[in-house]
Amino acid sequence: MSLEQHPHPMCLHSDPDFDTSYHTPSPALQKFINRTLRISITDDRFFIGRMMCTDRDRNVILSDTTEYRPPAQGVAGVKVEGDSVKAQLASRMIGLVVVPGKYITKIEVHETEGQDRWG
Amino acid sequence: MSTDTHLILQALSSLELNNEPSMASFQSSSPPALSDKDFRDITDEFNAASDKLEVGQLVKNTNFTLFQAVAALEIMDAKMDSGLLEPEYESFEAAKPREPEEIIGIMDRLLCHETAWHLGYALAQTLFTSLYIDKLLPTRPLKITEMTFGEYKGDDDSKIGKELVSEVLYPYCLALIKCCELVIRQIHQEHIYEEEDFITQTYGRRLLDFYEAEQISLFLDEAIQWLSKHEADFVPEVYKALKDRIWIRQRLLLGFSLGVNAPGSEVTEQWTLTQEMIESLLKTHSLAKPVDWAWSTSIQRKLASQVPPRPIIDIPFKDAVDKLKSACHDISTIPRIWEADSPSNVLSYFYHFMKRTHTPLPYVSSLLQTAFSKNGMILKKFRMHELVFEDLKDLCFPLEALLDERNKSAEAPHSVAFQIRQRMNWFGEHAGRSFFELFRILTQNRARLRRNLCHTILDWDTLQVEAEEVDNELKDLTNEKPQLSADCSQELFSFPLSSWVYYYKIRQMELIHLLGFELDIYQPHEFAGMYWYLQHYLRARISHLTRIRNFVAPNMKSAGQKNKEKEKSAEERAKRTYAWLNYLMMEGTVVHDLAAASTYLCTVMARLGLIKKPRQPYGTDELRYELRMKPFLTIGIPEVIPFEHFQIQVDMEFHDNSTLLEQARLSCADAKKHLQYLIKLDPSTARAPICEDDHKLNMSQLLRSCLGVGIAIMKLVGEVEEAGLGNATGESSEGKLDGVVIEWVREGYHKSFPVPNVKRG
């Protein structure tokens, strides 16, 4: 798959790789970098991962991401009773992903652990 | 374990190379237990902040690079996001009753997938996309009772249909899984290139390694019993088709579990029988019903969760059956190497093995490696050095004192026998390793073979230099009497050890060139030069063999001095060596002459513009020459000749076209004549009794190439005469032959000698 055919939402702009003198354009967003986010998207899946990068279009790159999704309808053994649904969620490790902004329905930040959880 | 440690461990495990990335999927223990309370909604805050960014501005972790970003999977992109796929495996009812024709369809497609896997595709693209197989391997079962198709709750109550699934398809799938496990186990034992030739990745699924093949085989026995009991319920053809499939699966299961670890006759019988049975599958395949619903790519989201989904590989049923049949045939012939009466016979077998038109499966190559050496024993009877000594005696007929059994008992460090033994031991050990390696790399795929040969010839070159020193010492220790060179100017000694090494070194250098043609590495405009080099090495082979031959008679005489009986045995052995050397020289001559004809022909075709050099603005002939000769640059003899010299030899600038074409015609005719003689020889003279078919095919392909090149020469002679270019030399004939084109044909010809089809176009 060539890159020209599938421009990656994060590759649009040529930010140099080596920028020791990096100055954030947005302190408001910078404070979420390296934090654990939970991002929900249009098809009922959500992703929990550590935020690495974002841009104006709200494309978000998460690392060490886990995907969660509700099981298919009508599958035996699934009971939908309020909070207990979560226990039935199917999850899998999907690593480094980019979630395009146009599919994002909700962004949440993990609060209690604080920033240095991964440090 | 705290959540933190758990997460870190998880992150680490996904970093490890070759780790099964899927282990995390769908296990209750894997996801971090984060509850809703811990999260604060920041959607609005986030939106507002990102709206303030300019186009092109990035907010990022300072250590995060664009390069890393490229590796990220894009969510909601169908090509990358396997999470988008409909999770068909969740709603699949494996235990649902099925029609017998559907069962046949499932089994046949499973067989196709099994074969595709053998051919080098991942399980995630083949067998593991089967919803039935998936059902049996959801997590890491440790007991067979945990591997089930589950329960069926629908309203289809066909008893036969239900039992067909549970009594026939179920054991079939278990046996298939076990087959995979046995294959992986075998392949891990030997040297097969992972990913390149074969993928052993099982995505964390355990494939019944905790059960013996015999136990699984019992399930198949029960399946056959069930079928027999219900014979009346099926159409006869369907009944037979089902039974055959179970039987063949049982055969394969036992075959894979046996491999080549049994006496030769048993191995041959097992695999010959399997081969015969597989044939029957084709006759009943028409009964199979399509069963597309039993497969799904979506399983990949559980298997390899960190890579984009990849398509299911389906190969035609007939191809799968043919592949399996040739595999069975290949395996059934492997035990022959244990019966061969000399290492040279075995080497011929290896030499032809990977050249076979159907390219043996990686599994089969791996079995050949096992059959060749296991537990430190080679061919079940030799140690490494013994293999070398056997071949040394056969090829070089060294002085008897060198390998005298009595040397072994010599203990006084100053005795000659002890000194000889010490040197021979050194040689046996060093040459043994290289010789052993040569056999092993001949079982690799052709591209790897060439690459590996380019490395190993360096070792052989060093070995040759060292062996020469040892030879020098041995000649003094044995008081060898020198032979006079043809012009009586020099005293020559036999130098058997370095002679042996040199012979194998040249053969490998020849092979590198032959493979260059076979693998399409050389482009047509380089053919003339590369065929010239092939000749160069073949000439070296022939003259070296002549030297070896000159010492057979004197060494024989010295061996037979003591008594009549010894004399007789020495004569017998010498005869054998003579026959072998003569054969090798003659075969070398044939290939040499064919290469010579090709050189002349290609040179003329290049002059006339029939072979065009592609425009290479940054390349020159000299640079390319350097590149091609790189593996040989450090080799002592035969040494690489300077480019200018090479160019003169190949271009033959001052000879006119007619002369060159006449030379080509003569060389080609010689090659043909000698080849026809060689073909008539007994395969044992060619040291090919255990690979007669391969040897004959090789010979007939060479002959076809000879004839093809001959025709091309005749046609070109006609065209050149007609255009009045016969007397033209290099420069003056440049590109002047209009209206004629050539096309290279490989099909049916020798792989290293494609034939130009000269035609008006």
# chains A, B, ... in the order shown; residues from 1 in each chain; ligands from 1
>>> interface_residues(of="chain A", to="chain B", cutoff="6 Å", atoms="only C-alpha atoms", output="list in words")
His13, Asp17, Met52, Cys53, Thr54, Asp55, Arg56, Val75, Ala90, Ser91, Arg92, Met93, Ile94, Gly95, Leu96, Val97, Val98, Val99, Lys106, Ile107, Glu108, Val109, His110, Glu111 and Thr112 of chain A
>>> select_by_dssp(residues="stretch 195-405 of chain B", states="strand (DSSP E)", output="JSON, numbers by chain")
{"B": [373, 374, 377, 378]}
>>> write_last_selection(atoms="all heavy atoms", output="compact mmCIF listing (two decimals), in the first residue's frame")
# COMPACT_ATOMS: atom_id res chain seq x y z
N SER B 373 20.74 -35.58 8.05
CA SER B 373 21.50 -35.65 9.28
C SER B 373 20.57 -35.58 10.48
O SER B 373 19.70 -34.72 10.56
CB SER B 373 22.51 -34.52 9.36
OG SER B 373 21.91 -33.36 9.85
N LYS B 374 20.78 -36.53 11.37
CA LYS B 374 19.98 -36.53 12.59
C LYS B 374 20.85 -37.02 13.72
O LYS B 374 21.61 -37.98 13.56
CB LYS B 374 18.78 -37.47 12.40
CG LYS B 374 17.67 -37.12 13.35
CD LYS B 374 16.49 -38.02 13.21
CE LYS B 374 15.55 -37.72 14.36
NZ LYS B 374 14.56 -38.76 14.54
N MET B 377 24.49 -37.91 13.17
CA MET B 377 24.83 -38.94 12.19
C MET B 377 24.35 -38.49 10.81
O MET B 377 23.23 -38.01 10.66
CB MET B 377 24.15 -40.27 12.53
CG MET B 377 24.76 -40.98 13.70
SD MET B 377 26.56 -41.15 13.59
CE MET B 377 26.68 -42.64 12.60
N ILE B 378 25.19 -38.67 9.82
CA ILE B 378 24.82 -38.29 8.47
C ILE B 378 24.40 -39.53 7.71
O ILE B 378 25.11 -40.55 7.74
CB ILE B 378 25.98 -37.56 7.79
CG1 ILE B 378 26.20 -36.23 8.51
CG2 ILE B 378 25.68 -37.31 6.32
CD1 ILE B 378 27.42 -35.51 8.10
>>> atom_distance(atom1="atom CA of B:Phe435", atom2="atom CA of B:Glu626")
28.6 Å
>>> select_by_dssp(residues="stretch 552-705 of chain B", states="helix (DSSP H, G or I)", output="PyMOL selection string")
chain B and resi 552-559+564-607+621-632+643-651+657-680+689-705
>>> atom_distance(atom1="atom CA of B:Tyr600", atom2="atom CA of B:His513")
17.5 Å
>>> atom_distance(atom1="atom CA of B:His230", atom2="atom CA of B:Leu282")
23.7 Å
>>> residues_around(residues="A:Lys102", least_positions_apart="6", cutoff="8 Å", atoms="only C-alpha atoms", output="list in words")
Asp57, Arg58 and Asn59 of chain A
>>> closest_residue(among="B:Val755, B:Ile334, B:Leu182, B:Ala232", to="B:Ile160", atoms="only C-alpha atoms")
B:Ala232
